[in-house]
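This is upload-v1.cif (mmCIF, C-alpha atoms and all ligand atoms).
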```cif
data_target
loop_
_atom_site.label_atom_id
_atom_site.label_comp_id
_atom_site.auth_asym_id
_atom_site.auth_seq_id
_atom_site.Cartn_x
_atom_site.Cartn_y
_atom_site.Cartn_z
CA MET A 1 0.00 0.00 0.00
CA ALA A 2 1.35 3.44 -0.85
CA LYS A 3 2.51 5.39 2.19
CA HIS A 4 0.07 8.32 1.65
CA SER A 5 -2.94 6.00 1.90
CA VAL A 6 -1.89 4.60 5.28
CA LYS A 7 -4.20 5.95 7.95
CA SER A 8 -2.75 7.30 11.09
CA ILE A 9 -3.82 6.86 14.72
CA GLY A 10 -2.64 9.36 17.35
CA ILE A 11 -2.49 8.03 20.90
CA LEU A 12 -2.16 9.94 24.16
CA THR A 13 -2.25 9.29 27.90
CA GLY A 14 -3.71 12.06 30.09
CA GLY A 15 -4.32 12.73 33.78
CA GLY A 16 -2.67 10.89 36.66
CA ASP A 17 -0.56 7.97 35.49
CA CYS A 18 -1.35 4.42 36.55
CA PRO A 19 0.03 0.94 36.02
CA GLY A 20 -1.19 -0.61 32.78
CA LEU A 21 -0.87 2.45 30.52
CA ASN A 22 2.05 0.88 28.69
CA ALA A 23 0.09 -2.35 28.22
CA VAL A 24 -2.59 -0.34 26.38
CA ILE A 25 -0.04 1.56 24.27
CA ARG A 26 1.67 -1.68 23.28
CA ALA A 27 -1.62 -3.35 22.39
CA VAL A 28 -2.75 -0.36 20.31
CA VAL A 29 0.51 -0.34 18.35
CA ARG A 30 0.55 -4.10 17.81
CA ARG A 31 -3.10 -4.28 16.69
CA ALA A 32 -2.87 -1.15 14.56
CA LEU A 33 0.21 -2.37 12.69
CA LEU A 34 -1.52 -5.66 11.93
CA LEU A 35 -4.32 -3.63 10.33
CA ASP A 36 -1.83 -1.44 8.40
CA TYR A 37 -2.28 1.79 10.36
CA GLU A 38 0.60 3.89 11.54
CA VAL A 39 0.62 5.05 15.14
CA ILE A 40 1.81 8.44 16.36
CA GLY A 41 2.52 8.83 20.06
CA ILE A 42 1.44 12.22 21.46
CA LYS A 43 3.57 13.34 24.39
CA ASN A 44 2.24 14.46 27.79
CA GLY A 45 -1.48 14.13 27.21
CA TRP A 46 -3.40 16.93 25.51
CA GLN A 47 -0.37 19.19 25.96
CA GLY A 48 1.34 17.26 23.15
CA LEU A 49 -1.43 18.25 20.76
CA ILE A 50 -1.20 21.89 21.79
CA LYS A 51 2.58 21.99 21.46
CA GLU A 52 2.90 19.48 18.61
CA MET A 53 5.08 17.03 20.50
CA THR A 54 4.85 13.62 18.90
CA GLU A 55 6.89 10.54 18.03
CA PRO A 56 6.11 7.65 15.69
CA LEU A 57 5.49 4.41 17.57
CA THR A 58 6.95 1.26 16.08
CA LEU A 59 7.22 -2.36 17.16
CA LEU A 60 10.58 -1.45 18.65
CA SER A 61 9.17 1.47 20.67
CA VAL A 62 6.72 -0.80 22.47
CA SER A 63 8.99 -3.78 22.89
CA GLY A 64 9.48 -4.75 26.54
CA ILE A 65 7.05 -2.17 27.99
CA LEU A 66 4.22 -4.51 29.07
CA PRO A 67 5.42 -4.90 32.70
CA ARG A 68 6.52 -1.27 33.08
CA GLY A 69 4.56 1.16 35.23
CA GLY A 70 3.93 4.77 34.19
CA THR A 71 3.59 5.74 30.55
CA ILE A 72 6.27 5.89 27.87
CA LEU A 73 4.35 8.84 26.37
CA GLY A 74 4.35 10.97 29.49
CA THR A 75 1.19 12.55 30.86
CA SER A 76 -0.17 15.84 32.18
CA ARG A 77 -3.36 17.27 33.55
CA THR A 78 -3.59 19.80 30.67
CA ASN A 79 -7.13 20.88 29.83
CA PRO A 80 -7.06 22.01 26.18
CA LEU A 81 -10.66 23.21 26.31
CA LYS A 82 -9.97 25.84 28.96
CA SER A 83 -9.02 28.35 26.32
CA GLU A 84 -10.32 28.80 22.77
CA GLU A 85 -6.72 29.31 21.63
CA ASP A 86 -5.57 25.91 22.93
CA LYS A 87 -8.61 24.21 21.46
CA LYS A 88 -7.81 25.71 18.05
CA LYS A 89 -4.21 24.52 18.35
CA VAL A 90 -5.38 20.98 19.15
CA LEU A 91 -7.74 20.89 16.18
CA GLY A 92 -5.14 22.52 13.91
CA ASN A 93 -2.44 20.05 14.92
CA ILE A 94 -4.70 17.06 14.43
CA ARG A 95 -5.05 18.25 10.81
CA LYS A 96 -1.41 19.27 10.42
CA LEU A 97 -0.11 15.95 11.76
CA LYS A 98 -2.64 14.16 9.52
CA LEU A 99 -4.07 12.17 12.40
CA ASP A 100 -7.11 10.36 11.03
CA TYR A 101 -8.02 8.95 14.42
CA LEU A 102 -7.26 9.47 18.10
CA ILE A 103 -7.11 7.10 21.03
CA ALA A 104 -7.31 8.97 24.34
CA ILE A 105 -6.40 6.97 27.43
CA GLY A 106 -7.51 8.65 30.63
CA GLY A 107 -10.02 9.16 33.40
CA GLU A 108 -13.03 11.45 33.59
CA ASP A 109 -11.07 14.59 32.64
CA THR A 110 -9.18 13.25 29.62
CA LEU A 111 -12.22 11.35 28.41
CA GLY A 112 -14.43 14.38 29.03
CA VAL A 113 -12.23 16.32 26.60
CA ALA A 114 -12.40 13.40 24.14
CA ARG A 115 -16.18 13.40 24.40
CA ARG A 116 -16.44 17.12 23.62
CA LEU A 117 -13.98 16.88 20.73
CA ALA A 118 -16.01 14.00 19.30
CA LEU A 119 -19.45 15.53 19.80
CA GLU A 120 -18.68 19.18 19.10
CA GLU A 121 -15.81 18.98 16.61
CA GLY A 122 -16.29 15.62 14.91
CA VAL A 123 -12.88 14.29 15.99
CA LYS A 124 -12.75 10.53 15.41
CA VAL A 125 -11.73 9.44 18.86
CA VAL A 126 -12.07 6.32 21.00
CA GLY A 127 -11.51 6.56 24.76
CA VAL A 128 -9.88 4.01 27.04
CA PRO A 129 -10.90 4.26 30.73
CA LYS A 130 -7.93 4.49 33.06
CA THR A 131 -7.59 5.37 36.72
CA ILE A 132 -6.66 3.77 40.00
CA ASP A 133 -9.85 5.40 41.39
CA ASN A 134 -12.20 3.11 39.36
CA ASP A 135 -14.76 5.92 39.27
CA VAL A 136 -15.52 6.04 35.52
CA GLU A 137 -19.18 5.44 34.75
CA GLY A 138 -19.78 3.11 31.82
CA THR A 139 -17.27 0.38 32.60
CA ASP A 140 -17.22 -2.22 35.35
CA GLN A 141 -13.53 -1.58 35.93
CA THR A 142 -10.79 0.78 34.87
CA PHE A 143 -7.28 -0.57 34.47
CA GLY A 144 -4.85 0.50 37.21
CA PHE A 145 -7.39 -0.11 39.96
CA ASP A 146 -6.45 -3.74 40.52
CA THR A 147 -2.77 -2.83 40.92
CA ALA A 148 -3.55 -0.04 43.39
CA VAL A 149 -5.72 -2.43 45.41
CA SER A 150 -2.90 -5.00 45.49
CA ILE A 151 -0.43 -2.40 46.74
CA VAL A 152 -2.80 -1.19 49.47
CA THR A 153 -3.67 -4.75 50.49
CA GLU A 154 0.00 -5.55 50.93
CA ALA A 155 0.44 -2.39 52.99
CA ILE A 156 -2.49 -3.36 55.23
CA ASP A 157 -0.97 -6.83 55.74
CA ARG A 158 2.30 -5.21 56.77
CA LEU A 159 0.58 -2.74 59.08
CA HIS A 160 -1.26 -5.60 60.79
CA THR A 161 1.93 -7.10 62.15
CA THR A 162 3.26 -3.86 63.58
CA ALA A 163 -0.19 -2.84 64.86
CA GLU A 164 -0.51 -6.13 66.72
CA SER A 165 2.99 -5.95 68.20
CA HIS A 166 2.40 -2.46 69.60
CA GLN A 167 -1.34 -2.81 70.26
CA ARG A 168 -2.05 0.27 68.23
CA VAL A 169 -4.68 1.59 65.91
CA MET A 170 -3.25 2.06 62.42
CA VAL A 171 -5.03 4.52 60.16
CA VAL A 172 -4.23 4.07 56.46
CA GLU A 173 -5.14 6.93 54.12
CA VAL A 174 -5.64 5.84 50.53
CA MET A 175 -6.40 7.63 47.26
CA GLY A 176 -9.60 7.41 45.25
CA ARG A 177 -10.72 11.01 45.02
CA HIS A 178 -14.48 11.28 45.62
CA THR A 179 -15.19 7.56 45.65
CA GLY A 180 -14.15 4.83 48.06
CA TRP A 181 -13.37 1.97 45.66
CA ILE A 182 -9.72 1.57 46.65
CA ALA A 183 -10.57 1.84 50.35
CA VAL A 184 -13.41 -0.70 50.30
CA VAL A 185 -11.86 -3.33 48.06
CA SER A 186 -8.40 -3.23 49.66
CA GLY A 187 -9.97 -2.95 53.11
CA LEU A 188 -12.02 -6.08 52.45
CA ALA A 189 -8.99 -7.90 51.05
CA GLY A 190 -6.79 -6.84 53.97
CA GLY A 191 -9.37 -7.49 56.69
CA ALA A 192 -9.69 -3.88 57.85
CA ASP A 193 -11.68 -3.31 61.02
CA CYS A 194 -13.31 -0.12 59.78
CA ILE A 195 -13.41 1.44 56.30
CA LEU A 196 -14.24 5.10 55.81
CA THR A 197 -15.50 6.17 52.39
CA PRO A 198 -17.07 9.25 50.81
CA GLU A 199 -20.16 7.12 50.20
CA ARG A 200 -20.74 6.60 53.96
CA PRO A 201 -20.01 9.60 56.17
CA MET A 202 -19.71 8.54 59.83
CA THR A 203 -19.29 10.41 63.09
CA ILE A 204 -16.10 10.00 65.12
CA GLN A 205 -18.27 8.45 67.86
CA GLU A 206 -19.46 5.73 65.49
CA ILE A 207 -15.88 5.00 64.41
CA CYS A 208 -14.65 4.85 68.01
CA ARG A 209 -17.53 2.57 69.06
CA ILE A 210 -16.41 0.07 66.43
CA LEU A 211 -12.82 0.13 67.71
CA GLU A 212 -13.88 -0.06 71.37
CA LYS A 213 -16.09 -3.06 70.63
CA ARG A 214 -13.13 -4.81 69.07
CA HIS A 215 -10.94 -3.86 72.01
CA ALA A 216 -13.56 -5.21 74.42
CA ARG A 217 -13.36 -8.64 72.81
CA GLY A 218 -9.63 -8.72 73.36
CA ARG A 219 -8.35 -7.54 69.99
CA LEU A 220 -6.13 -4.71 71.14
CA PHE A 221 -5.10 -3.46 67.70
CA SER A 222 -7.12 -2.23 64.74
CA ILE A 223 -6.73 -1.20 61.12
CA VAL A 224 -8.80 1.71 59.86
CA VAL A 225 -8.72 2.42 56.11
CA VAL A 226 -9.78 5.94 55.19
CA ALA A 227 -10.36 7.18 51.65
CA GLU A 228 -8.90 10.63 50.99
CA GLY A 229 -12.38 11.89 50.06
CA PHE A 230 -14.05 10.76 53.31
CA GLN A 231 -15.86 13.38 55.36
CA LEU A 232 -16.87 13.04 58.97
CA ALA A 233 -20.67 13.24 59.17
CA GLY A 234 -21.63 16.89 59.52
CA ALA A 235 -18.24 18.22 58.36
CA GLU A 236 -18.69 21.03 55.87
CA ASP A 237 -15.57 20.70 53.79
CA LEU A 238 -13.35 18.02 52.35
CA VAL A 239 -9.86 17.88 53.82
CA THR A 240 -7.42 19.22 51.22
CA LYS A 241 -3.67 19.76 51.05
CA ASP A 242 -4.06 23.38 49.98
CA GLN A 243 -6.55 25.77 48.39
CA SER A 244 -5.39 25.27 44.80
CA LEU A 245 -7.33 23.61 42.00
CA ASP A 246 -5.94 21.61 39.10
CA PRO A 247 -6.71 22.60 35.45
CA PHE A 248 -9.94 20.60 35.60
CA GLY A 249 -11.04 22.30 38.81
CA HIS A 250 -10.22 19.45 41.22
CA VAL A 251 -9.06 20.10 44.76
CA HIS A 252 -5.92 18.34 46.05
CA LEU A 253 -7.28 15.90 48.59
CA GLY A 254 -5.18 14.68 51.51
CA GLY A 255 -4.87 14.91 55.26
CA ILE A 256 -8.07 13.27 56.51
CA GLY A 257 -6.03 10.30 57.86
CA GLU A 258 -4.16 12.52 60.32
CA ILE A 259 -7.41 14.10 61.54
CA ILE A 260 -9.09 10.72 62.05
CA ALA A 261 -6.03 9.35 63.87
CA GLN A 262 -5.91 12.32 66.27
CA GLN A 263 -9.62 12.06 66.97
CA ILE A 264 -9.48 8.31 67.60
CA GLU A 265 -6.62 8.72 70.07
CA LYS A 266 -8.40 11.60 71.79
CA HIS A 267 -11.74 9.78 72.16
CA THR A 268 -10.53 6.24 72.95
CA GLY A 269 -7.10 6.72 74.45
CA PHE A 270 -5.79 4.02 72.08
CA GLU A 271 -2.35 4.78 70.72
CA THR A 272 -2.82 5.57 67.04
CA ARG A 273 -0.51 6.01 64.05
CA VAL A 274 -1.21 7.11 60.51
CA THR A 275 0.21 5.96 57.18
CA VAL A 276 -0.47 7.91 53.99
CA LEU A 277 0.23 5.67 51.02
CA GLY A 278 0.11 8.46 48.43
CA HIS A 279 1.61 7.96 45.00
CA ILE A 280 3.04 4.55 45.89
CA GLN A 281 -0.46 3.37 44.93
CA ARG A 282 0.13 4.51 41.35
CA GLY A 283 3.71 3.35 40.90
CA GLY A 284 5.43 0.22 39.70
CA SER A 285 4.53 -2.79 37.66
CA PRO A 286 0.87 -3.58 36.83
CA THR A 287 -0.75 -6.78 38.11
CA SER A 288 -1.45 -9.51 35.57
CA PHE A 289 -5.13 -8.48 35.69
CA ASP A 290 -4.31 -4.91 34.67
CA ARG A 291 -1.88 -6.04 31.97
CA VAL A 292 -4.58 -8.23 30.43
CA LEU A 293 -7.36 -5.65 30.84
CA GLY A 294 -5.16 -2.92 29.33
CA THR A 295 -4.21 -5.22 26.45
CA ARG A 296 -7.84 -6.10 25.72
CA TYR A 297 -8.85 -2.43 25.88
CA GLY A 298 -6.05 -1.42 23.50
CA VAL A 299 -6.95 -4.08 20.93
CA LYS A 300 -10.64 -3.16 21.12
CA ALA A 301 -9.96 0.57 20.75
CA VAL A 302 -8.16 0.02 17.44
CA GLU A 303 -10.84 -2.36 16.20
CA LEU A 304 -13.58 0.17 17.01
CA LEU A 305 -11.79 2.82 14.93
CA HIS A 306 -11.30 0.31 12.12
CA GLU A 307 -15.04 -0.45 12.17
CA GLY A 308 -15.94 3.25 12.11
CA LYS A 309 -17.25 3.22 15.69
CA TRP A 310 -15.59 6.37 17.00
CA GLY A 311 -17.06 8.66 19.62
CA THR A 312 -17.02 5.64 21.90
CA MET A 313 -15.25 4.33 24.98
CA VAL A 314 -14.09 0.73 25.41
CA ALA A 315 -15.60 -0.87 28.48
CA LEU A 316 -15.63 -4.02 30.57
CA ARG A 317 -19.04 -5.59 31.20
CA GLY A 318 -18.78 -8.73 33.29
CA ASN A 319 -15.94 -10.59 31.60
CA LYS A 320 -16.54 -9.17 28.14
CA ILE A 321 -14.88 -6.19 26.47
CA THR A 322 -17.45 -3.97 24.83
CA TYR A 323 -17.99 -0.24 24.23
CA ILE A 324 -20.43 2.57 24.87
CA PRO A 325 -20.93 5.97 23.25
CA LEU A 326 -18.80 8.62 24.97
CA GLU A 327 -21.90 10.71 25.65
CA ARG A 328 -23.26 7.92 27.84
CA ALA A 329 -20.02 7.49 29.80
CA MET A 330 -19.01 9.65 32.76
CA ARG A 331 -22.27 11.50 33.18
CA LYS A 332 -21.66 11.06 36.88
CA LEU A 333 -19.03 9.44 39.09
CA LYS A 334 -19.34 5.69 39.53
CA HIS A 335 -19.70 5.24 43.28
CA VAL A 336 -18.97 2.10 45.28
CA ASP A 337 -21.63 -0.57 45.01
CA PRO A 338 -23.62 -0.51 48.31
CA GLU A 339 -23.43 -4.31 48.40
CA LEU A 340 -19.65 -4.11 48.76
CA ILE A 341 -19.92 -1.59 51.60
CA ARG A 342 -22.57 -3.73 53.34
CA THR A 343 -20.27 -6.76 53.10
CA ALA A 344 -17.33 -4.80 54.50
CA GLU A 345 -19.45 -3.52 57.40
CA MET A 346 -20.08 -7.07 58.59
CA PHE A 347 -16.42 -7.31 59.52
CA TYR A 348 -16.20 -4.06 61.46
CA GLY A 349 -15.20 -4.25 65.10
O1 LIG A 401 -7.04 10.23 39.99
C1 LIG A 401 -5.93 9.55 40.45
C2 LIG A 401 -5.37 10.19 41.69
O2 LIG A 401 -4.27 9.41 42.12
C3 LIG A 401 -6.36 10.42 42.81
O3 LIG A 401 -6.63 9.25 43.54
C4 LIG A 401 -5.66 11.49 43.61
O4 LIG A 401 -6.55 12.26 44.36
C5 LIG A 401 -5.02 12.32 42.53
O5 LIG A 401 -4.89 11.50 41.40
C6 LIG A 401 -3.66 12.85 42.90
O6 LIG A 401 -3.24 13.69 41.88
P1 LIG A 401 -1.76 14.20 41.68
O7 LIG A 401 -0.96 13.05 41.11
O8 LIG A 401 -1.90 15.30 40.70
O9 LIG A 401 -1.24 14.60 43.01
#
```
Show me this structure written as structure tokens.
Amino acid sequence: MAKHSVKSIGILTGGGDCPGLNAVIRAVVRRALLLDYEVIGIKNGWQGLIKEMTEPLTLLSVSGILPRGGTILGTSRTNPLKSEEDKKKVLGNIRKLKLDYLIAIGGEDTLGVARRLALEEGVKVVGVPKTIDNDVEGTDQTFGFDTAVSIVTEAIDRLHTTAESHQRVMVVEVMGRHTGWIAVVSGLAGGADCILTPERPMTIQEICRILEKRHARGRLFSIVVVAEGFQLAGAEDLVTKDQSLDPFGHVHLGGIGEIIAQQIEKHTGFETRVTVLGHIQRGGSPTSFDRVLGTRYGVKAVELLHEGKWGTMVALRGNKITYIPLERAMRKLKHVDPELIRTAEMFYG
């Protein structure tokens, strides 16, 4: 086939990184080459389309990246729709770089931009749902979540042994933004004694009652997992690191663990320590589950473009990879299934 007739797919990774991004990139390149497309890597999320920073992706570029965390393309939280000028640059560069199609890998922000570019500007884009937070509506699971849960579960296991030795309460603050998926699933897996999520505000008295009940039956140590977006019942504001907002208007959550730990110690007298897992939850090699999910998503994204089904997002439904229109994804945050929270609550105290 003559070079000029080869269609080109641009691929970018936006928002917070997570394990499994490279698995998707590799799968996109491998599947696209089999279908005779060329693939152009766009650097640092949407910023790469504003600043025209790209690199061709070949078999060699994606060789050996499957087990690597992070993203070989780089990422950023750039919002290209914040200014008309940046939006024009993005659209101009898509034309200039002769990108026939786009694959945008990201969470609600990156995919929100993809949705608007598809619906308002006719950009032929397919989204791939990524985030450790697992809060993207329209898919049963985002890749990256399983790895984060594994990391937190291991941390809880480790905290158990030191908590027991010292007869302490260990408060573990985890990420997840405004949903408690990481907290609930890792808390269940690690046998936490109390799990605090944005979905279930509780008073400090309720939390302390759970720990005192456990103490009364002779278990003199406890593990409390708290999601960064948890609010004590009645509290007016989320606990944030500072007053600043990111380009998509998000606050920087963090610090609730310390507050909960101080309050527990004050109300119960139990010695309490706090661990903030932070970005460790996003680092390192993806689990086999995330490698496979990312690979299946990448393959499907290319096939959707090939079949003319752009303006969509790949999705997991049960065990099957499928897709939904971007306008039906991310209309709201996907909150933790109440059944999971109910199950976790049976093991409190
Ligand atoms: O969305 C992923 C996430 O890790 C959230 O859980 C967390 O609140 C946020 O990103 C942290 O963002 P940053 O990496 O910009 O500090």
For Met53 of chain A, which of A:Val28, A:Glu228, A:Asp146, A:Gly10 is the closest residue, counting only C-alpha atoms? A:Gly10
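When atom CA of Thr312 of chain A is paired with atom CA of Glu137 of chain A, their separation reads 13.0 Å.
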Top pick for closest residue to ligand LIG 401 (chain A), considering A:Asp140, A:Asp109, A:Glu154, A:Glu206 and counting only C-alpha atoms and all ligand atoms: A:Asp109
Could I get the residue neighbourhood of ligand LIG 401 (chain A) at 7 Å, counting all atoms listed in the file, as number ranges by chain? A: 16, 131-133, 175-177, 252-253, 279, 282
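Summary of the local environment: counting all atoms listed in the file, residues at most 10 Å from Glu345 of chain A, other than itself and those fewer than 2 positions away along its chain, are Val184, Leu188, Ala192, Asp193, Cys194, Ile195, Glu339, Leu340, Ile341, Arg342, Thr343, Phe347, Tyr348 and Gly349 of chain A.
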In Å to one decimal, how far is atom CA of Glu265 of chain A from atom CA of Thr203 of chain A? 14.6 Å
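Across the model, the gap from atom CA of Val136 of chain A to atom CA of Ser285 of chain A is 22.0 Å.
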Near-His306 of chain A list (12 Å; all atoms listed in the file; drop same-chain fewer than 5 positions) as a short mmCIF file (atom, residue, chain, number, x, y, z; two decimals) with C-alpha atoms, keeping the file's coordinate frame:
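Result written to around-v7.cif:
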```cif
data_model
loop_
_atom_site.label_atom_id
_atom_site.label_comp_id
_atom_site.auth_asym_id
_atom_site.auth_seq_id
_atom_site.Cartn_x
_atom_site.Cartn_y
_atom_site.Cartn_z
CA LYS A 7 -4.20 5.95 7.95
CA SER A 8 -2.75 7.30 11.09
CA ILE A 9 -3.82 6.86 14.72
CA VAL A 28 -2.75 -0.36 20.31
CA ARG A 31 -3.10 -4.28 16.69
CA ALA A 32 -2.87 -1.15 14.56
CA LEU A 33 0.21 -2.37 12.69
CA LEU A 34 -1.52 -5.66 11.93
CA LEU A 35 -4.32 -3.63 10.33
CA ASP A 36 -1.83 -1.44 8.40
CA TYR A 37 -2.28 1.79 10.36
CA ASP A 100 -7.11 10.36 11.03
CA TYR A 101 -8.02 8.95 14.42
CA LEU A 102 -7.26 9.47 18.10
CA ILE A 103 -7.11 7.10 21.03
CA LYS A 124 -12.75 10.53 15.41
CA VAL A 125 -11.73 9.44 18.86
CA VAL A 126 -12.07 6.32 21.00
CA VAL A 299 -6.95 -4.08 20.93
CA LYS A 300 -10.64 -3.16 21.12
CA ALA A 301 -9.96 0.57 20.75
#
```
Best match for closeness to Leu73 of chain A among A:Gly41, A:Gly294, A:Pro198, A:Gly92, counting all atoms listed in the file: A:Gly41
Spatial neighbours of Ile182 of chain A, 10 Å, only C-alpha atoms, chain gap at least 4 places, as a ChimeraX atom specification: /A:132-135,145-146,148-150,152-153,174-177,186-188,197,225-227,281,336
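The point (-13.6, 0.7, 28.0) has these residues within 6 Å of it, counting all atoms listed in the file: A:Val128, A:Pro129, A:Thr139, A:Met313, A:Val314, A:Ala315, A:Leu316, A:Tyr323.
In terms of minimum interatomic distance to Gly229 of chain A, A:Gly255 ranks closest within A:Pro247, A:Gly278, A:Pro56, A:Gly255, counting all atoms listed in the file.
Distances here use all atoms listed in the file; by that measure, the residue among A:Val292, A:Ile210, A:Leu277, A:Ile94 closest to Ile50 of chain A is A:Ile94.
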Close residues, Phe270 of chain A itself excluded, 10 Å, only C-alpha atoms, min 2 positions apart in chain, as a PDB file with C-alpha atoms, in the coordinates of the input:
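After the write, result.pdb holds the following:
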```
ATOM      1  CA  GLN A 167      -1.340  -2.810  70.260  1.00  0.00           C
ATOM      2  CA  ARG A 168      -2.050   0.270  68.230  1.00  0.00           C
ATOM      3  CA  VAL A 169      -4.680   1.590  65.910  1.00  0.00           C
ATOM      4  CA  CYS A 208     -14.650   4.850  68.010  1.00  0.00           C
ATOM      5  CA  LEU A 211     -12.820   0.130  67.710  1.00  0.00           C
ATOM      6  CA  GLU A 212     -13.880  -0.060  71.370  1.00  0.00           C
ATOM      7  CA  HIS A 215     -10.940  -3.860  72.010  1.00  0.00           C
ATOM      8  CA  LEU A 220      -6.130  -4.710  71.140  1.00  0.00           C
ATOM      9  CA  PHE A 221      -5.100  -3.460  67.700  1.00  0.00           C
ATOM     10  CA  SER A 222      -7.120  -2.230  64.740  1.00  0.00           C
ATOM     11  CA  ALA A 261      -6.030   9.350  63.870  1.00  0.00           C
ATOM     12  CA  ILE A 264      -9.480   8.310  67.600  1.00  0.00           C
ATOM     13  CA  GLU A 265      -6.620   8.720  70.070  1.00  0.00           C
ATOM     14  CA  LYS A 266      -8.400  11.600  71.790  1.00  0.00           C
ATOM     15  CA  HIS A 267     -11.740   9.780  72.160  1.00  0.00           C
ATOM     16  CA  THR A 268     -10.530   6.240  72.950  1.00  0.00           C
ATOM     17  CA  THR A 272      -2.820   5.570  67.040  1.00  0.00           C
ATOM     18  CA  ARG A 273      -0.510   6.010  64.050  1.00  0.00           C
TER      19      ARG A 273
END
```
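Within 6 Å of segment 64-69 of chain A there are Pro19, Asn22, Ala23, Gly284 and Ser285 of chain A, counting only C-alpha atoms and ignoring same-chain residues fewer than 4 positions away.
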